Every structure is written in C-alpha cells, then in structure tokens.
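Inspection log for the structure reproduced underneath, given as structure tokens.
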Amino acid sequence: MEGRRVIGLAARDTTGHLSPYSFNLRKTCPEDVVLKVLYCGMDHTDLHQMRSEIGQVTYPMVPGHEIVGEVIEIGTKVEKFKVGDIVGVGCIVGSCGECQYCEADMEQYCSKRITTYAGIDKDGTPTQGGFSSAMVVDQRTLYKSQCRFVVRIPEKLALEQAAPLLCAGVTAFSPLKQFFNSNKAIKGGILGLGGVGHLGVLIAKAMGHNVTVISSSDKKKVEAFEHLGADGFLVSSDATNMEAARNSLDYILDTVPAFHSLETYLPLLKVDGKLIMVGASPENVQFSPSTLILGKKTISGSFIGSMKETQELLDFWAEKCLTSMIEIVKMDYANKAFQRMEKNDVRYRFVVDVATSNL
C-alpha cells in the first residue's frame, strides 16, 4: 500500500540533470515519522550518485541527504517525537539493528544499511532523498536508547545552518572526535576548503586545535583566516612553504572528493601522524608505502558518522554558537548550483530552501 503523493526533483539518467518528479511515499508504519522537508543541503556525493559514478543507481533518483523538516505525521508507536517538532535526517535511513556495528552505535558501517536515496527501503521500493516535499523515515529506538535515523534540531540552531551538519558536518566531526579533549596540544590540517573542509576547520577550532588549511591555491586564504579562524594556510604547489611545514601536523583531514596524490601531503605529518580520508573520490589515490613505513604514518578512512554522533554534533554546534558559510537557493536553481559546485564556485555549501520553492 502506498502513502501520500509528493513531488521532488529527480535525476533520470547519467547526465545527472534534475527535473520534476511526482511519486508516492511508502505506507507509514508504526515506527515512522513523516516530515515536511524545509531545507536540504547539497553534497558533492549527490553529484557523483546522480551520474552513477559511485555505486549502482536506479533512475529516477531523488537526491539529498542533509534534510531538515517538520514532523507532520507520526506512527502509532512513536513516542520521542510529536507533530510540529523540527527534526533532521542524514545519510542513513535504516540498518539491521542487530549486528556488532549497530550495537556499537556505528550503524553507518552495517552491511544492511539503507541509504537515504539510491537504496532499497524495507518495503522493497527505492529510497528517495530530500529534494522532495516530504519524506517518511523510520525513527525506531534500538540499542542504548539511541534514536535511529531521525535527530532533533536544537531550538537555538537556525534550520538552514543545521542542514549541512547532517552529512558534511558529521563527516568531519566523527574522525576529529578522537583528537578532542587530548592532554596535549593538537596541530591539525584540513585538506580542501569546500563544504566538508570549511566545517572541519570550524569544528577543529572549536575543539581547541591549531588548524592549518591546505589548498591548491591561495584564493580562499583570506576567508580561511578571517571567517573561519584558521591558524595557518598552505598552498600545496608552494614547495618552499610545504617543505617548511614538514613533520608539523598530528593529523590531516582529507576532504578532497577528486583525484590527488597523497605523496604531496604525507610529509606534513609528524611521526605517528594520521591522514584521514573522508572525500569520496571516484578514482584511486596514490602514495608510496615507504612514506608511511619510515614515519609510522597511517592512512585511514571514515564514513560519515553515526546518528548518535550526528545528534552530538548538532548539540555541540549550538553550544559553541558556530556559524557555517552557506548560500541558500531555491529548487529551480538546483541544476545551476550543482554546476557551480563542480567548479568550486560556492562559499561553502549550497542549502536548498525546499519549503518555499515552487514544486
């Protein structure tokens, strides 16, 4: 049985071009929350998946996994939320709830996770994302009384500011947590100053780290210092300054979602330093094993964050009174916005005002 009829924007082929698409939500189940979408962030991963460059895609596909909405209907077993609550939905809308990762509040690594779009929902239908007028999401409570897949937006947090935190923000926050409340001074590097990177700078600074931005040019240098509070700025093609910064960083958060050689950046790490990859490049990266071996350096990855971490980040952001740099657009500008995103022509995250757009 189908649920309510909604309208959104969908990619219909590998060109990734978005056009209006009307479809039915699945039937509302007892543990479900139905929300009216208010805002949805735009992510570089959306672009890759709209073009079927990452994973398998079933078209038509409605993208969007940084969703802020208002609860308009709840299932009969929902107790944590009520109609009128402002909530968020990130990259995952389902998991098995039984494996070791679900039990450990790491459901994003569950092999049966259901992605917000381009996934298969529990009724066998394709999941569709937040570029739509409404969504239905399973909010059920699993282990340790942590609510899965729907989070509460703090009252003091502007809704358009909350949207980028639900993917880009938690993608930076999750790996940076290991360096939080350290008993030593931490010097970190943020590689790439886009949507994830600029949030990474803000989060790392709020955690008390000394933060150096690493970029391919100096175009964003003033913004990095004046708007984001960075402590240092390195241009990767400036061999003199890169050499001077050798062995200076405890970690590098690599947010670049395109091909790049890690050999340029690994020398910046101290002995036992970590390069953490969070940018989903469709191509393989390059590095020399000897660079890792001789410096006891580590390359690792981190995939978004758990819903528990997402709620932690929202609360942390509100507590620290942080503000990201976003550009709000309407739905009819989405294709142009993705074109600009691909050219790095945005400071630093597009957020779609879905509720007031003409759908």
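Ligands are numbered from 1 in the order shown, chains are lettered A, B, ... in the order of the structure tokens, and residues start at 1 in each chain.
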- Message: With DSSP run on the backbone, what are the helix (DSSP H, G or I) residues within stretch 216-262 of chain A? I'd like them as a list in words.
- Response: Lys221, Val222, Glu223, Ala224, Phe225, Glu226, Ala239, Thr240, Asn241, Met242, Glu243, Ala244 and Leu262 of chain A
Quick one: write out the picked residues with C-alpha atoms as a PDB file, in the first residue's frame?
```
ATOM      1  CA  LYS A 221      43.319  32.323   2.153  1.00  0.00           C
ATOM      2  CA  VAL A 222      41.693  35.490   3.457  1.00  0.00           C
ATOM      3  CA  GLU A 223      38.430  33.675   4.181  1.00  0.00           C
ATOM      4  CA  ALA A 224      40.283  30.880   5.962  1.00  0.00           C
ATOM      5  CA  PHE A 225      41.868  33.356   8.359  1.00  0.00           C
ATOM      6  CA  GLU A 226      39.181  35.995   8.731  1.00  0.00           C
ATOM      7  CA  ALA A 239      57.292  23.830  -2.467  1.00  0.00           C
ATOM      8  CA  THR A 240      59.163  26.161  -0.113  1.00  0.00           C
ATOM      9  CA  ASN A 241      56.360  26.536   2.419  1.00  0.00           C
ATOM     10  CA  MET A 242      55.352  22.865   2.131  1.00  0.00           C
ATOM     11  CA  GLU A 243      58.939  21.889   2.936  1.00  0.00           C
ATOM     12  CA  ALA A 244      58.999  24.259   5.897  1.00  0.00           C
ATOM     13  CA  LEU A 262      48.821  11.762  -1.190  1.00  0.00           C
TER      14      LEU A 262
END
```
- Return as JSON, numbers by chain the full set of residues in stretch 74-281 of chain A whose backbone-based DSSP assignment is strand (DSSP E). {"A": [74, 86, 87, 88, 89, 92, 93, 94, 114, 115, 134, 135, 136, 137, 138, 151, 152, 187, 188, 189, 190, 191, 210, 211, 212, 213, 214, 215, 232, 233, 234, 235, 249, 250, 251, 252, 253, 254, 269, 270, 271, 272, 273, 274, 275, 276, 277]}
For the residues in that selection, give me N, CA and C atoms as a compact mmCIF listing (two decimals), in the first residue's frame.
```txt
# COMPACT_ATOMS: atom_id res chain seq x y z
N ILE A 74 3.00 11.02 12.66
CA ILE A 74 3.79 10.02 13.37
C ILE A 74 3.03 8.70 13.41
N ILE A 86 10.81 19.89 14.97
CA ILE A 86 11.78 20.12 13.90
C ILE A 86 12.89 19.07 14.04
N VAL A 87 13.10 18.33 12.98
CA VAL A 87 14.00 17.17 13.04
C VAL A 87 14.95 17.16 11.84
N GLY A 88 15.93 16.28 11.93
CA GLY A 88 16.89 16.13 10.85
C GLY A 88 17.04 14.69 10.44
N VAL A 89 17.38 14.48 9.17
CA VAL A 89 17.66 13.16 8.62
C VAL A 89 18.95 13.28 7.82
N ILE A 92 21.64 7.97 6.30
CA ILE A 92 21.17 6.60 6.52
C ILE A 92 19.75 6.64 7.05
N VAL A 93 18.88 5.80 6.50
CA VAL A 93 17.50 5.72 7.00
C VAL A 93 17.12 4.31 7.46
N GLY A 94 18.10 3.42 7.54
CA GLY A 94 17.80 2.07 8.01
C GLY A 94 19.05 1.24 8.17
N ILE A 114 20.57 1.15 4.94
CA ILE A 114 19.71 1.68 3.88
C ILE A 114 20.04 3.16 3.73
N THR A 115 20.54 3.54 2.57
CA THR A 115 20.89 4.93 2.34
C THR A 115 19.64 5.76 2.06
N ALA A 134 8.22 15.97 0.92
CA ALA A 134 8.03 15.24 2.18
C ALA A 134 8.81 13.93 2.14
N MET A 135 9.02 13.34 3.32
CA MET A 135 9.72 12.07 3.46
C MET A 135 9.07 11.27 4.57
N VAL A 136 9.24 9.95 4.52
CA VAL A 136 8.86 9.09 5.62
C VAL A 136 10.11 8.33 6.06
N VAL A 137 10.38 8.34 7.37
CA VAL A 137 11.62 7.78 7.90
C VAL A 137 11.33 6.98 9.15
N ASP A 138 12.01 5.85 9.30
CA ASP A 138 11.91 5.01 10.48
C ASP A 138 12.72 5.66 11.60
N VAL A 151 16.93 12.79 14.04
CA VAL A 151 17.54 13.52 15.16
C VAL A 151 16.77 14.80 15.41
N ARG A 152 16.94 15.33 16.61
CA ARG A 152 16.24 16.54 17.00
C ARG A 152 17.14 17.75 16.73
N LYS A 187 47.89 19.83 16.58
CA LYS A 187 48.01 20.61 15.36
C LYS A 187 47.45 19.78 14.22
N GLY A 188 46.41 20.30 13.59
CA GLY A 188 45.75 19.54 12.53
C GLY A 188 45.76 20.27 11.21
N GLY A 189 45.61 19.51 10.14
CA GLY A 189 45.49 20.09 8.81
C GLY A 189 44.16 19.72 8.19
N ILE A 190 43.53 20.64 7.51
CA ILE A 190 42.30 20.38 6.77
C ILE A 190 42.64 20.54 5.29
N LEU A 191 42.62 19.44 4.57
CA LEU A 191 42.96 19.44 3.14
C LEU A 191 41.69 19.62 2.32
N ASN A 210 45.03 23.71 16.87
CA ASN A 210 45.71 24.63 15.99
C ASN A 210 45.51 24.10 14.57
N VAL A 211 44.89 24.89 13.69
CA VAL A 211 44.41 24.36 12.41
C VAL A 211 45.07 25.06 11.23
N THR A 212 45.63 24.25 10.34
CA THR A 212 46.21 24.74 9.08
C THR A 212 45.36 24.26 7.92
N VAL A 213 44.95 25.18 7.08
CA VAL A 213 44.23 24.84 5.85
C VAL A 213 45.24 24.55 4.75
N ILE A 214 45.01 23.47 4.01
CA ILE A 214 45.87 23.11 2.88
C ILE A 214 45.01 23.15 1.63
N SER A 215 45.41 23.98 0.68
CA SER A 215 44.59 24.19 -0.51
C SER A 215 45.48 24.21 -1.75
N GLY A 232 46.86 28.70 10.13
CA GLY A 232 47.86 28.65 9.08
C GLY A 232 47.21 28.32 7.75
N PHE A 233 47.95 28.57 6.66
CA PHE A 233 47.43 28.29 5.32
C PHE A 233 48.59 27.86 4.45
N LEU A 234 48.46 26.71 3.81
CA LEU A 234 49.49 26.19 2.91
C LEU A 234 48.91 26.01 1.52
N VAL A 235 49.64 26.48 0.51
CA VAL A 235 49.30 26.20 -0.88
C VAL A 235 50.15 25.00 -1.31
N LEU A 249 52.24 18.31 11.59
CA LEU A 249 50.83 18.07 11.87
C LEU A 249 50.58 16.71 12.52
N ASP A 250 49.66 16.69 13.47
CA ASP A 250 49.25 15.43 14.10
C ASP A 250 48.28 14.66 13.21
N TYR A 251 47.49 15.39 12.44
CA TYR A 251 46.56 14.74 11.52
C TYR A 251 46.30 15.64 10.33
N ILE A 252 45.83 15.04 9.26
CA ILE A 252 45.29 15.75 8.11
C ILE A 252 43.93 15.14 7.82
N LEU A 253 42.90 15.96 7.81
CA LEU A 253 41.58 15.52 7.39
C LEU A 253 41.46 15.83 5.91
N ASP A 254 41.47 14.78 5.10
CA ASP A 254 41.47 14.92 3.64
C ASP A 254 40.02 14.91 3.14
N LEU A 269 52.95 15.29 7.98
CA LEU A 269 52.59 14.62 9.23
C LEU A 269 53.82 14.36 10.10
N LYS A 270 53.60 14.49 11.40
CA LYS A 270 54.61 14.06 12.36
C LYS A 270 54.73 12.54 12.36
N VAL A 271 55.74 12.01 13.01
CA VAL A 271 55.81 10.58 13.24
C VAL A 271 54.55 10.14 13.98
N ASP A 272 53.91 9.07 13.54
CA ASP A 272 52.67 8.56 14.11
C ASP A 272 51.47 9.41 13.73
N GLY A 273 51.64 10.28 12.75
CA GLY A 273 50.54 11.12 12.31
C GLY A 273 49.53 10.34 11.47
N LYS A 274 48.34 10.91 11.32
CA LYS A 274 47.25 10.22 10.61
C LYS A 274 46.71 11.10 9.48
N LEU A 275 46.55 10.51 8.32
CA LEU A 275 45.81 11.14 7.24
C LEU A 275 44.48 10.41 7.12
N ILE A 276 43.40 11.14 7.34
CA ILE A 276 42.07 10.53 7.39
C ILE A 276 41.29 10.98 6.16
N MET A 277 40.90 10.03 5.33
CA MET A 277 40.20 10.35 4.09
C MET A 277 38.69 10.31 4.30
```
- Compare A:Gly8, A:Gly75, A:Gly192, A:Gly90 by their minimum atom-to-atom distance to A:Thr310, counting only C-alpha atoms, and give me the closest one.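 Selected residue with least distance to A:Thr310: A:Gly90.
With distances taken over only C-alpha atoms, A:Gly129 is the one residue among A:Gly97, A:Pro175, A:Gly84, A:Gly129 lying closest to A:Val6.
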- Select, from A:Ala172, A:Ile72, A:Val346, A:Leu9, the residue with the minimum atom-to-atom distance to A:Met50, counting only C-alpha atoms.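 Among the listed residues, A:Leu9 lies closest to A:Met50.
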- Item | A:Pro30 surroundings by only C-alpha atoms, 7 Å radius, close-in-sequence under 5 positions cut, as an MDAnalysis selection string | chainID A and resid 75:78
Could those selected residues go to a file with all heavy atoms, as an mmCIF file, in the first residue's frame?
```cif
data_model
loop_
_atom_site.group_PDB
_atom_site.id
_atom_site.type_symbol
_atom_site.label_atom_id
_atom_site.label_comp_id
_atom_site.auth_asym_id
_atom_site.auth_seq_id
_atom_site.Cartn_x
_atom_site.Cartn_y
_atom_site.Cartn_z
ATOM 1 N N GLY A 75 3.812 7.603 13.438
ATOM 2 C CA GLY A 75 3.213 6.286 13.574
ATOM 3 C C GLY A 75 2.702 6.046 14.984
ATOM 4 O O GLY A 75 3.011 6.787 15.925
ATOM 5 N N THR A 76 1.946 4.981 15.149
ATOM 6 C CA THR A 76 1.279 4.711 16.419
ATOM 7 C C THR A 76 2.251 4.384 17.556
ATOM 8 O O THR A 76 1.883 4.513 18.727
ATOM 9 C CB THR A 76 0.287 3.542 16.250
ATOM 10 O OG1 THR A 76 1.002 2.392 15.757
ATOM 11 C CG2 THR A 76 -0.821 3.916 15.277
ATOM 12 N N LYS A 77 3.493 3.972 17.244
ATOM 13 C CA LYS A 77 4.452 3.601 18.281
ATOM 14 C C LYS A 77 5.516 4.676 18.524
ATOM 15 O O LYS A 77 6.445 4.458 19.289
ATOM 16 C CB LYS A 77 5.128 2.276 17.921
ATOM 17 C CG LYS A 77 4.182 1.086 17.944
ATOM 18 C CD LYS A 77 4.939 -0.222 17.697
ATOM 19 C CE LYS A 77 4.002 -1.417 17.760
ATOM 20 N NZ LYS A 77 4.726 -2.698 17.509
ATOM 21 N N VAL A 78 5.384 5.799 17.867
ATOM 22 C CA VAL A 78 6.364 6.871 18.026
ATOM 23 C C VAL A 78 6.073 7.644 19.303
ATOM 24 O O VAL A 78 4.965 8.146 19.496
ATOM 25 C CB VAL A 78 6.342 7.831 16.817
ATOM 26 C CG1 VAL A 78 7.276 9.018 17.052
ATOM 27 C CG2 VAL A 78 6.742 7.087 15.546
#
```
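Using only C-alpha atoms for every distance, the candidate list A:Gly169, A:Leu157, A:Ala185, A:Tyr333 yields A:Leu157 as the residue closest to A:Lys320.
With only C-alpha atoms as the atoms that count, the minimum distance from A:Leu18 to the choices A:His260, A:Arg113, A:Lys336, A:Lys205 is reached by A:Lys336.
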- Task: Write out as a ChimeraX atom specification the residues lying within 8 Å of A:Val71, counting only C-alpha atoms and excluding same-chain residues fewer than 2 positions away.
- Result: /A:33-36,69,73-74,81-87
Requested write-out: all heavy atoms of the selected residues, as an mmCIF file, in the first residue's frame:
```cif
data_model
loop_
_atom_site.group_PDB
_atom_site.id
_atom_site.type_symbol
_atom_site.label_atom_id
_atom_site.label_comp_id
_atom_site.auth_asym_id
_atom_site.auth_seq_id
_atom_site.Cartn_x
_atom_site.Cartn_y
_atom_site.Cartn_z
ATOM 1 N N VAL A 33 8.172 8.346 11.101
ATOM 2 C CA VAL A 33 7.913 9.779 11.182
ATOM 3 C C VAL A 33 7.800 10.302 9.754
ATOM 4 O O VAL A 33 8.647 10.016 8.916
ATOM 5 C CB VAL A 33 9.062 10.506 11.914
ATOM 6 C CG1 VAL A 33 8.940 12.010 11.738
ATOM 7 C CG2 VAL A 33 9.072 10.149 13.390
ATOM 8 N N VAL A 34 6.739 11.037 9.473
ATOM 9 C CA VAL A 34 6.595 11.705 8.182
ATOM 10 C C VAL A 34 6.926 13.180 8.394
ATOM 11 O O VAL A 34 6.412 13.805 9.324
ATOM 12 C CB VAL A 34 5.173 11.561 7.609
ATOM 13 C CG1 VAL A 34 5.069 12.249 6.242
ATOM 14 C CG2 VAL A 34 4.786 10.099 7.496
ATOM 15 N N LEU A 35 7.800 13.714 7.559
ATOM 16 C CA LEU A 35 8.194 15.098 7.726
ATOM 17 C C LEU A 35 8.038 15.895 6.449
ATOM 18 O O LEU A 35 8.258 15.379 5.351
ATOM 19 C CB LEU A 35 9.626 15.211 8.244
ATOM 20 C CG LEU A 35 10.727 14.551 7.427
ATOM 21 C CD1 LEU A 35 11.669 15.595 6.872
ATOM 22 C CD2 LEU A 35 11.516 13.577 8.297
ATOM 23 N N LYS A 36 7.621 17.135 6.613
ATOM 24 C CA LYS A 36 7.632 18.102 5.531
ATOM 25 C C LYS A 36 9.047 18.629 5.419
ATOM 26 O O LYS A 36 9.610 19.128 6.408
ATOM 27 C CB LYS A 36 6.661 19.248 5.826
ATOM 28 C CG LYS A 36 6.718 20.381 4.814
ATOM 29 C CD LYS A 36 5.838 21.553 5.250
ATOM 30 C CE LYS A 36 5.972 22.728 4.291
ATOM 31 N NZ LYS A 36 5.161 23.888 4.738
ATOM 32 N N GLY A 69 13.397 19.043 8.534
ATOM 33 C CA GLY A 69 11.973 19.081 8.257
ATOM 34 C C GLY A 69 11.126 19.215 9.504
ATOM 35 O O GLY A 69 11.619 19.136 10.636
ATOM 36 N N GLU A 73 3.357 13.923 10.642
ATOM 37 C CA GLU A 73 2.603 12.701 10.965
ATOM 38 C C GLU A 73 3.536 11.745 11.698
ATOM 39 O O GLU A 73 4.732 11.685 11.410
ATOM 40 C CB GLU A 73 2.091 12.034 9.682
ATOM 41 C CG GLU A 73 1.291 10.757 9.902
ATOM 42 C CD GLU A 73 0.932 10.062 8.593
ATOM 43 O OE1 GLU A 73 1.025 10.694 7.521
ATOM 44 O OE2 GLU A 73 0.572 8.868 8.655
ATOM 45 N N ILE A 74 2.997 11.022 12.665
ATOM 46 C CA ILE A 74 3.791 10.019 13.367
ATOM 47 C C ILE A 74 3.033 8.695 13.409
ATOM 48 O O ILE A 74 1.804 8.666 13.406
ATOM 49 C CB ILE A 74 4.136 10.466 14.809
ATOM 50 C CG1 ILE A 74 2.878 10.757 15.618
ATOM 51 C CG2 ILE A 74 5.075 11.656 14.797
ATOM 52 C CD1 ILE A 74 3.154 11.066 17.091
ATOM 53 N N PHE A 81 8.937 11.797 19.316
ATOM 54 C CA PHE A 81 8.611 12.972 18.513
ATOM 55 C C PHE A 81 7.104 13.191 18.460
ATOM 56 O O PHE A 81 6.326 12.251 18.635
ATOM 57 C CB PHE A 81 9.152 12.819 17.089
ATOM 58 C CG PHE A 81 10.644 12.683 17.022
ATOM 59 C CD1 PHE A 81 11.239 11.459 16.742
ATOM 60 C CD2 PHE A 81 11.472 13.780 17.240
ATOM 61 C CE1 PHE A 81 12.601 11.322 16.686
ATOM 62 C CE2 PHE A 81 12.847 13.652 17.194
ATOM 63 C CZ PHE A 81 13.412 12.423 16.912
ATOM 64 N N LYS A 82 6.726 14.420 18.193
ATOM 65 C CA LYS A 82 5.312 14.775 18.031
ATOM 66 C C LYS A 82 5.169 15.667 16.803
ATOM 67 O O LYS A 82 6.157 16.244 16.305
ATOM 68 C CB LYS A 82 4.779 15.472 19.277
ATOM 69 C CG LYS A 82 5.416 16.813 19.566
ATOM 70 C CD LYS A 82 4.864 17.417 20.841
ATOM 71 C CE LYS A 82 5.407 18.816 21.109
ATOM 72 N NZ LYS A 82 6.871 18.855 21.202
ATOM 73 N N VAL A 83 3.972 15.786 16.320
ATOM 74 C CA VAL A 83 3.703 16.651 15.185
ATOM 75 C C VAL A 83 4.119 18.082 15.529
ATOM 76 O O VAL A 83 3.812 18.590 16.614
ATOM 77 C CB VAL A 83 2.206 16.603 14.800
ATOM 78 C CG1 VAL A 83 1.879 17.659 13.749
ATOM 79 C CG2 VAL A 83 1.851 15.217 14.278
ATOM 80 N N GLY A 84 4.844 18.710 14.609
ATOM 81 C CA GLY A 84 5.337 20.064 14.827
ATOM 82 C C GLY A 84 6.791 20.136 15.222
ATOM 83 O O GLY A 84 7.412 21.206 15.144
ATOM 84 N N ASP A 85 7.389 19.017 15.659
ATOM 85 C CA ASP A 85 8.808 19.003 16.014
ATOM 86 C C ASP A 85 9.674 19.237 14.774
ATOM 87 O O ASP A 85 9.329 18.807 13.666
ATOM 88 C CB ASP A 85 9.204 17.666 16.643
ATOM 89 C CG ASP A 85 8.744 17.514 18.080
ATOM 90 O OD1 ASP A 85 8.306 18.522 18.667
ATOM 91 O OD2 ASP A 85 8.807 16.391 18.613
ATOM 92 N N ILE A 86 10.814 19.895 14.974
ATOM 93 C CA ILE A 86 11.785 20.115 13.901
ATOM 94 C C ILE A 86 12.886 19.069 14.039
ATOM 95 O O ILE A 86 13.511 18.952 15.096
ATOM 96 C CB ILE A 86 12.374 21.525 13.959
ATOM 97 C CG1 ILE A 86 11.251 22.570 13.908
ATOM 98 C CG2 ILE A 86 13.356 21.734 12.808
ATOM 99 C CD1 ILE A 86 10.409 22.515 12.649
ATOM 100 N N VAL A 87 13.104 18.326 12.980
ATOM 101 C CA VAL A 87 13.998 17.168 13.043
ATOM 102 C C VAL A 87 14.948 17.156 11.845
ATOM 103 O O VAL A 87 14.770 17.913 10.877
ATOM 104 C CB VAL A 87 13.190 15.848 13.074
ATOM 105 C CG1 VAL A 87 12.310 15.785 14.320
ATOM 106 C CG2 VAL A 87 12.351 15.695 11.805
#
```
- Using only C-alpha atoms, pick whichever of A:Asn344, A:Thr291, A:Ser237, A:Ser217 has the shortest atom-to-atom distance to A:Gly195.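 Closest to A:Gly195 of all the choices is A:Asn344.
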